[in-house]
Structures are given as C-alpha cells and as structure tokens.
>>> print(open('entry.pdb').read())   # PDB, C-alpha atoms
ATOM      1  CA  MET G   1      21.248-112.153  34.073
ATOM      2  CA  ARG G   2      23.315-112.717  30.954
ATOM      3  CA  ASN G   3      21.976-114.757  28.049
ATOM      4  CA  ASN G   4      23.270-116.222  24.802
ATOM      5  CA  ILE G   5      20.013-116.101  22.891
ATOM      6  CA  LYS G   6      21.403-113.896  20.144
ATOM      7  CA  VAL G   7      24.487-116.099  19.733
ATOM      8  CA  GLU G   8      22.441-119.298  19.608
ATOM      9  CA  ARG G   9      20.035-117.690  17.179
ATOM     10  CA  ALA G  10      22.910-116.774  14.874
ATOM     11  CA  LYS G  11      24.360-120.284  15.131
ATOM     12  CA  ASN G  12      21.002-121.719  14.099
ATOM     13  CA  ASP G  13      20.551-119.075  11.385
ATOM     14  CA  MET G  14      17.227-118.046  12.869
ATOM     15  CA  THR G  15      15.472-114.657  12.746
ATOM     16  CA  GLN G  16      13.875-113.093  15.803
ATOM     17  CA  ALA G  17      10.512-113.652  14.161
ATOM     18  CA  LYS G  18      11.198-117.351  13.643
ATOM     19  CA  LEU G  19      12.365-117.843  17.225
ATOM     20  CA  ALA G  20       9.344-115.904  18.487
ATOM     21  CA  GLU G  21       7.063-118.197  16.512
ATOM     22  CA  LEU G  22       8.735-121.347  17.859
ATOM     23  CA  ALA G  23       8.653-120.093  21.447
ATOM     24  CA  GLU G  24       5.049-118.859  21.063
ATOM     25  CA  VAL G  25       5.873-115.305  22.137
ATOM     26  CA  SER G  26       5.955-111.925  20.369
ATOM     27  CA  ARG G  27       9.029-110.747  18.482
ATOM     28  CA  GLN G  28       9.317-107.828  20.901
ATOM     29  CA  THR G  29       9.817-110.313  23.719
ATOM     30  CA  ILE G  30      12.758-111.977  21.946
ATOM     31  CA  ASN G  31      14.239-108.563  21.235
ATOM     32  CA  ALA G  32      13.814-107.385  24.832
ATOM     33  CA  MET G  33      15.500-110.543  26.139
ATOM     34  CA  GLU G  34      18.444-110.178  23.782
ATOM     35  CA  LEU G  35      18.894-106.592  24.954
ATOM     36  CA  SER G  36      18.702-107.794  28.588
ATOM     37  CA  LYS G  37      15.632-105.627  29.100
ATOM     38  CA  TYR G  38      13.487-108.553  30.082
ATOM     39  CA  VAL G  39      14.160-111.660  32.170
ATOM     40  CA  PRO G  40      12.001-114.542  30.912
ATOM     41  CA  SER G  41       9.920-116.822  33.101
ATOM     42  CA  THR G  42      11.217-120.304  33.874
ATOM     43  CA  VAL G  43       8.797-121.793  31.354
ATOM     44  CA  LEU G  44      10.000-119.519  28.543
ATOM     45  CA  ALA G  45      13.653-120.120  29.488
ATOM     46  CA  LEU G  46      13.097-123.878  29.304
ATOM     47  CA  LYS G  47      11.299-123.537  25.970
ATOM     48  CA  LEU G  48      14.186-121.526  24.498
ATOM     49  CA  ALA G  49      16.711-124.072  25.759
ATOM     50  CA  LYS G  50      14.674-126.862  24.210
ATOM     51  CA  ILE G  51      14.424-125.044  20.856
ATOM     52  CA  PHE G  52      18.216-124.635  20.723
ATOM     53  CA  GLY G  53      18.859-128.128  22.098
ATOM     54  CA  ARG G  54      20.822-126.716  25.033
ATOM     55  CA  ASP G  55      20.684-126.785  28.812
ATOM     56  CA  VAL G  56      19.117-123.728  30.412
ATOM     57  CA  GLN G  57      22.429-123.088  32.188
ATOM     58  CA  GLU G  58      24.201-122.839  28.844
ATOM     59  CA  LEU G  59      21.724-120.241  27.646
ATOM     60  CA  PHE G  60      21.352-118.165  30.806
ATOM     61  CA  GLU G  61      23.919-117.118  33.342
ATOM     62  CA  LEU G  62      23.604-115.243  36.638
ATOM     63  CA  GLU G  63      25.507-112.008  37.031
ATOM     64  CA  LYS G  64      26.834-110.327  40.157
ATOM     65  CA  ILE G  65      24.154-107.644  40.045
ATOM     66  CA  ASP G  66      21.472-110.359  40.340
ATOM     67  CA  TRP G  67      22.510-110.760  43.962
ATOM     68  CA  LYS G  68      21.389-107.933  46.193
TER      69      LYS G  68
ATOM     70  CA  MET M  69      -6.505-116.880  33.777
ATOM     71  CA  ASN M  70      -5.774-113.269  32.832
ATOM     72  CA  TYR M  71      -9.337-111.875  32.581
ATOM     73  CA  LEU M  72      -8.682-110.423  29.107
ATOM     74  CA  PHE M  73     -10.999-110.239  26.105
ATOM     75  CA  PRO M  74     -10.070-111.855  22.750
ATOM     76  CA  HIS M  75      -7.869-109.766  20.463
ATOM     77  CA  GLN M  76     -10.624-109.148  17.869
ATOM     78  CA  TYR M  77     -12.660-107.177  20.432
ATOM     79  CA  LYS M  78     -10.073-104.382  20.481
ATOM     80  CA  LYS M  79     -11.031-103.093  17.019
ATOM     81  CA  ILE M  80     -14.755-103.286  17.727
ATOM     82  CA  GLY M  81     -14.188-101.481  21.022
ATOM     83  CA  LEU M  82     -12.204 -98.712  19.320
ATOM     84  CA  MET M  83     -14.941 -98.224  16.724
ATOM     85  CA  VAL M  84     -17.371 -97.504  19.566
ATOM     86  CA  LEU M  85     -14.977 -95.707  21.932
ATOM     87  CA  ILE M  86     -13.599 -93.005  19.638
ATOM     88  CA  PRO M  87     -16.964 -91.747  18.278
ATOM     89  CA  SER M  88     -18.462 -91.923  21.787
ATOM     90  CA  ILE M  89     -15.671 -89.765  23.241
ATOM     91  CA  ILE M  90     -15.903 -87.218  20.415
ATOM     92  CA  PHE M  91     -19.700 -87.061  20.569
ATOM     93  CA  GLY M  92     -19.536 -86.906  24.376
ATOM     94  CA  ILE M  93     -17.230 -83.887  24.302
ATOM     95  CA  VAL M  94     -19.465 -82.189  21.711
ATOM     96  CA  VAL M  95     -22.502 -82.846  23.937
ATOM     97  CA  ILE M  96     -20.728 -81.332  26.949
ATOM     98  CA  ILE M  97     -19.651 -78.227  25.022
ATOM     99  CA  THR M  98     -22.955 -77.609  23.226
ATOM    100  CA  ASP M  99     -25.375 -78.870  25.926
ATOM    101  CA  PHE M 100     -27.035 -80.903  23.189
ATOM    102  CA  ALA M 101     -30.096 -82.801  24.518
ATOM    103  CA  PRO M 102     -32.521 -84.201  21.919
ATOM    104  CA  GLU M 103     -36.126 -84.162  23.106
ATOM    105  CA  PHE M 104     -36.917 -87.785  22.335
ATOM    106  CA  LEU M 105     -34.445 -88.810  25.047
ATOM    107  CA  ASP M 106     -36.206 -86.752  27.738
ATOM    108  CA  VAL M 107     -37.673 -88.994  30.428
ATOM    109  CA  LYS M 108     -39.258 -88.587  33.820
ATOM    110  CA  ILE M 109     -37.103 -90.317  36.429
ATOM    111  CA  GLU M 110     -38.303 -91.545  39.800
ATOM    112  CA  PHE M 111     -35.573 -91.292  42.386
ATOM    113  CA  VAL M 112     -36.056 -94.763  43.838
ATOM    114  CA  LEU M 113     -32.839 -94.637  45.815
ATOM    115  CA  SER M 114     -32.968 -91.019  46.985
ATOM    116  CA  ALA M 115     -33.879 -89.710  50.451
ATOM    117  CA  ASN M 116     -37.321 -88.780  49.145
ATOM    118  CA  PRO M 117     -38.527 -91.894  47.272
ATOM    119  CA  PHE M 118     -41.448 -90.107  45.590
ATOM    120  CA  ALA M 119     -39.407 -87.315  44.028
ATOM    121  CA  THR M 120     -39.294 -87.196  40.245
ATOM    122  CA  SER M 121     -37.232 -85.225  37.804
ATOM    123  CA  ASN M 122     -36.910 -84.646  34.086
ATOM    124  CA  ASN M 123     -33.737 -86.019  32.671
ATOM    125  CA  ASN M 124     -32.186 -86.348  29.257
ATOM    126  CA  LEU M 125     -30.765 -89.817  28.724
ATOM    127  CA  LEU M 126     -28.075 -88.866  26.201
ATOM    128  CA  ASN M 127     -25.269 -88.333  28.727
ATOM    129  CA  GLU M 128     -26.083 -91.613  30.473
ATOM    130  CA  ILE M 129     -26.019 -93.496  27.170
ATOM    131  CA  LEU M 130     -22.708 -91.934  26.120
ATOM    132  CA  GLY M 131     -21.151 -92.518  29.544
ATOM    133  CA  ILE M 132     -22.105 -96.191  29.460
ATOM    134  CA  LEU M 133     -20.779 -96.558  25.898
ATOM    135  CA  VAL M 134     -17.436 -94.979  26.839
ATOM    136  CA  ILE M 135     -17.061 -97.184  29.923
ATOM    137  CA  LEU M 136     -17.993-100.445  28.182
ATOM    138  CA  SER M 137     -15.948 -99.841  25.030
ATOM    139  CA  GLY M 138     -13.068 -98.367  27.049
ATOM    140  CA  VAL M 139     -12.859-101.475  29.243
ATOM    141  CA  VAL M 140     -12.938-103.709  26.163
ATOM    142  CA  VAL M 141     -10.213-101.722  24.354
ATOM    143  CA  ALA M 142      -8.029-101.553  27.465
ATOM    144  CA  PHE M 143      -8.349-105.231  28.300
ATOM    145  CA  SER M 144      -8.382-107.009  24.948
ATOM    146  CA  LYS M 145      -5.439-109.280  24.301
ATOM    147  CA  GLU M 146      -2.695-108.185  21.958
ATOM    148  CA  LYS M 147      -2.171-110.359  18.877
ATOM    149  CA  VAL M 148       0.466-112.311  20.799
ATOM    150  CA  GLU M 149      -0.283-111.737  24.455
ATOM    151  CA  ASP M 150       2.789-113.180  26.158
ATOM    152  CA  GLU M 151       4.490-112.668  29.515
ATOM    153  CA  PHE M 152       6.479-109.609  28.414
ATOM    154  CA  ILE M 153       3.363-107.874  27.056
ATOM    155  CA  GLY M 154       1.688-108.761  30.348
ATOM    156  CA  LYS M 155       4.485-107.020  32.217
ATOM    157  CA  ILE M 156       4.069-103.869  30.118
ATOM    158  CA  ARG M 157       0.325-104.076  30.718
ATOM    159  CA  LEU M 158       0.865-104.142  34.475
ATOM    160  CA  GLU M 159       3.406-101.299  34.397
ATOM    161  CA  SER M 160       1.045 -99.165  32.328
ATOM    162  CA  LEU M 161      -1.821 -99.883  34.717
ATOM    163  CA  VAL M 162       0.263 -98.817  37.732
ATOM    164  CA  TRP M 163       1.449 -95.704  35.871
ATOM    165  CA  SER M 164      -2.057 -94.649  34.856
ATOM    166  CA  VAL M 165      -3.444 -95.149  38.388
ATOM    167  CA  TYR M 166      -0.666 -92.892  39.731
ATOM    168  CA  VAL M 167      -1.259 -90.207  37.111
ATOM    169  CA  ASN M 168      -5.014 -90.349  37.471
ATOM    170  CA  TYR M 169      -4.918 -89.944  41.255
ATOM    171  CA  ALA M 170      -2.184 -87.318  41.100
ATOM    172  CA  LEU M 171      -4.530 -85.246  38.940
ATOM    173  CA  LEU M 172      -7.441 -85.911  41.303
ATOM    174  CA  PHE M 173      -5.235 -84.886  44.239
ATOM    175  CA  LEU M 174      -4.368 -81.630  42.463
ATOM    176  CA  ALA M 175      -8.004 -81.010  41.590
ATOM    177  CA  MET M 176      -9.037 -81.517  45.227
ATOM    178  CA  VAL M 177      -6.555 -78.862  46.297
ATOM    179  CA  ILE M 178      -7.141 -76.241  43.612
ATOM    180  CA  LEU M 179     -10.738 -76.761  42.402
ATOM    181  CA  TYR M 180     -13.946 -76.234  44.379
ATOM    182  CA  ASP M 181     -17.699 -76.603  43.981
ATOM    183  CA  PHE M 182     -18.834 -77.019  40.407
ATOM    184  CA  ASP M 183     -15.333 -76.765  38.986
ATOM    185  CA  PHE M 184     -14.436 -79.837  40.985
ATOM    186  CA  LEU M 185     -17.607 -81.661  39.902
ATOM    187  CA  PHE M 186     -16.838 -80.786  36.298
ATOM    188  CA  PHE M 187     -13.356 -82.242  36.720
ATOM    189  CA  MET M 188     -14.757 -85.371  38.393
ATOM    190  CA  MET M 189     -16.991 -85.937  35.398
ATOM    191  CA  PHE M 190     -13.842 -86.411  33.299
ATOM    192  CA  ASN M 191     -11.942 -88.197  36.026
ATOM    193  CA  MET M 192     -14.459 -91.057  35.855
ATOM    194  CA  PHE M 193     -13.072 -91.933  32.432
ATOM    195  CA  THR M 194      -9.465 -90.732  32.480
ATOM    196  CA  LEU M 195      -8.053 -93.795  34.270
ATOM    197  CA  LEU M 196      -9.115 -95.981  31.330
ATOM    198  CA  ILE M 197      -8.000 -93.428  28.747
ATOM    199  CA  PHE M 198      -4.586 -92.929  30.370
ATOM    200  CA  PHE M 199      -4.052 -96.683  30.490
ATOM    201  CA  ILE M 200      -5.071 -97.226  26.860
ATOM    202  CA  VAL M 201      -2.819 -94.422  25.615
ATOM    203  CA  ARG M 202       0.202 -95.373  27.727
ATOM    204  CA  PHE M 203      -0.027 -99.126  27.041
ATOM    205  CA  ASN M 204      -0.428 -98.768  23.283
ATOM    206  CA  TRP M 205       2.302 -96.122  23.149
ATOM    207  CA  GLN M 206       4.711 -98.496  24.911
ATOM    208  CA  ILE M 207       3.790-101.364  22.598
ATOM    209  CA  SER M 208       4.213 -99.263  19.458
ATOM    210  CA  LYS M 209       7.551 -97.953  20.751
ATOM    211  CA  LEU M 210       8.714-101.573  21.114
ATOM    212  CA  LYS M 211       7.512-102.479  17.642
ATOM    213  CA  LYS M 212       9.499 -99.588  16.183
ATOM    214  CA  THR M 213      12.747-100.247  18.044
ATOM    215  CA  SER M 214      12.773-104.028  17.773
ATOM    216  CA  PHE M 215      14.227-104.448  14.318
ATOM    217  CA  ASP M 216      14.800-107.956  13.096
ATOM    218  CA  GLU M 217      18.468-108.891  13.078
ATOM    219  CA  LYS M 218      19.698-112.001  11.426
TER     220      LYS M 218
END
>>> encode(input="entry.pdb", output="structure tokens")
Amino acid sequence: MRNNIKVERAKNDMTQAKLAELAEVSRQTINAMELSKYVPSTVLALKLAKIFGRDVQELFELEKIDWK
Amino acid sequence: MNYLFPHQYKKIGLMVLIPSIIFGIVVIITDFAPEFLDVKIEFVLSANPFATSNNNLLNEILGILVILSGVVVAFSKEKVEDEFIGKIRLESLVWSVYVNYALLFLAMVILYDFDFLFFMMFNMFTLLIFFIVRFNWQISKLKKTSFDEK
C-alpha cells in the first residue's frame, strides 16, 4: 500500500512528532508508515485523513503487490 | 482490552528484576543459604503425605521475585502503546517462544540427568528474559532510526 503521509505532512508543515501527537500514536509509528514498513489500522487511517482534511483514498492507495 | 500493566510499573519491575536475577545467579554459583530461611516443609501434595524435609526458602523467594517482576516488566505498556508497538510486541513474543523452545529442544537432545535439570531451572525464566530483551531492543532500534524530518 502506498501512502502520501509524508507529502501531506510537508504541505501542512508538520513534524512527525506533531502528527504523532494529533493521531495519538508514537512517533515511531508515523515513521514506520512513511517508510511503508507498517500498514495502519482502519481507525488510524481515518484519523490521519481527518487530521489532513482529506479522504482516506487520497492518502492511501493500493498497490499491485497487495493482491496475492 | 490488552491485558497490559500501566507504563509506570515497568521501572518498578526493573528495579526488582535486575537485582533478583543478579542475586539469584550469585546464589546458584555460591550455594548461599542463610540459616534464618531454613524451614521444615511438609510435602502435602507428595505421594507420602507425612514426609518432611528441610528446605531453604531463599531460592523460592528469588524465583517468585524474578517471575513477578519479569511479567510486570515484559507486559507494562510503553509510554505510547499504540497498534504498531502492539505488533512489535506480538512479533517479539512469537520470536522468544521459538528461541526458548529451540533451546529446550537442543537441551533435551544433548543434556541428560542433572545437566538437563540444571538447564530447566534457567529455562523457567528464559522465555520472559528473551522477550524483554528482544522487545526492548526492537523498540530502541526504532527510536534510533526514526529521525524527525520536517
């Protein structure tokens, strides 16, 4: 799954720490998501979308490798 | 519901766990057994219910301390216990169960009699220790590599 968290964060001039605080997760979690090392739960995905004022679909995108 | 202790318990647990492990190892090596902890035990649950034996309570006390504090340290929440930390927790638990039983498997094959019993004495605690070390190592690795980009 591809995500635009880093791009949105830059647009909003937000640090990882700030985003982590708003989303009520650890900074490591934000970092892992940006590096595509972790796929967030639906709840966290919705929270992130809400924080950036976007639709979830604008923030996250399926990739070919997500389909077995 | 994640069955975890509050974050503050981790420090308290560590303050009990580390001295207990060190003292426990010293007791094993030196056979230290202070007299005031000698008691006569009745084997209530043994085949011969009226049998008694002299026992020093120190190893029981240390064993209980290591188990209780080890469980608390292993299963206290991190400062921010979120879903990603939970995933690392689960991975570390699976890893430590594998390693622990791989060692037990090896010990069953290559150790016999009292050597095996001696190994089992440690194996009672190693699952917890392996988990604590692996989980905290993973978390600290993340903290180091996750630099804050603007």
>>> atom_distance(input="entry.pdb", atom1="CA of Val7 (chain G)", atom2="CA of Val25 (chain G)")
18.8 Å
>>> residues_near_point(input="entry.pdb", point="(20.2, -109.8, 28.4)", cutoff="10 Å", atoms="all atoms listed in the file", output="PyMOL selection string")
chain G and resi 1-6+31-40+60-61
>>> residues_around(input="entry.pdb", residues="Val95 (chain M)", least_positions_apart="4", cutoff="12 Å", atoms="only C-alpha atoms", output="list in words")
Pro87, Ser88, Ile89, Ile90, Phe91, Asp99, Phe100, Ala101, Pro102, Asn124, Leu125, Leu126, Asn127, Glu128, Ile129, Leu130 and Gly131 of chain M
>>> closest_residue(input="entry.pdb", among="M:Val148, M:Ile97, M:Leu133, M:Leu113", to="Pro74 (chain M)", atoms="all atoms listed in the file")
M:Val148
>>> closest_residue(input="entry.pdb", among="M:Val167, M:Ile156, M:Leu82, M:Val139", to="chain G", atoms="only C-alpha atoms")
M:Ile156
>>> closest_atom_pairs(input="entry.pdb", of="chain G", to="chain M", cutoff="7 Å", atoms="all atoms listed in the file", output="CSV")
residue,atom,partner,partner_atom,distance
G:Ala10,CA,M:Lys218,CA,6.7
G:Met14,CA,M:Lys218,CA,6.7
G:Thr15,CA,M:Lys218,CA,5.2
G:Gln16,CA,M:Asp216,CA,5.9
G:Val25,CA,M:Asp150,CA,5.5
G:Ser26,CA,M:Val148,CA,5.5
G:Gln28,CA,M:Ser214,CA,6.0
G:Thr29,CA,M:Phe152,CA,5.8
G:Asn31,CA,M:Ser214,CA,5.9
>>> atom_distance(input="entry.pdb", atom1="CA of Leu179 (chain M)", atom2="CA of Met192 (chain M)")
16.2 Å
>>> resolve_selection(input="entry.pdb", expression="the PyMOL selection byres ((chain G and resi 47) around 12)", output="list in words")
Ile5, Leu19, Ala20, Glu21, Leu22, Ala23, Glu24, Val25, Pro40, Ser41, Thr42, Val43, Leu44, Ala45, Leu46, Leu48, Ala49, Lys50, Ile51, Phe52, Gly53, Arg54, Asp55, Val56 and Leu59 of chain G
>>> resolve_selection(input="entry.pdb", expression="the PyMOL selection byres ((chain M and resi 120) around 8)", output="PyMOL selection string")
chain M and resi 108-111+118-119+121-122
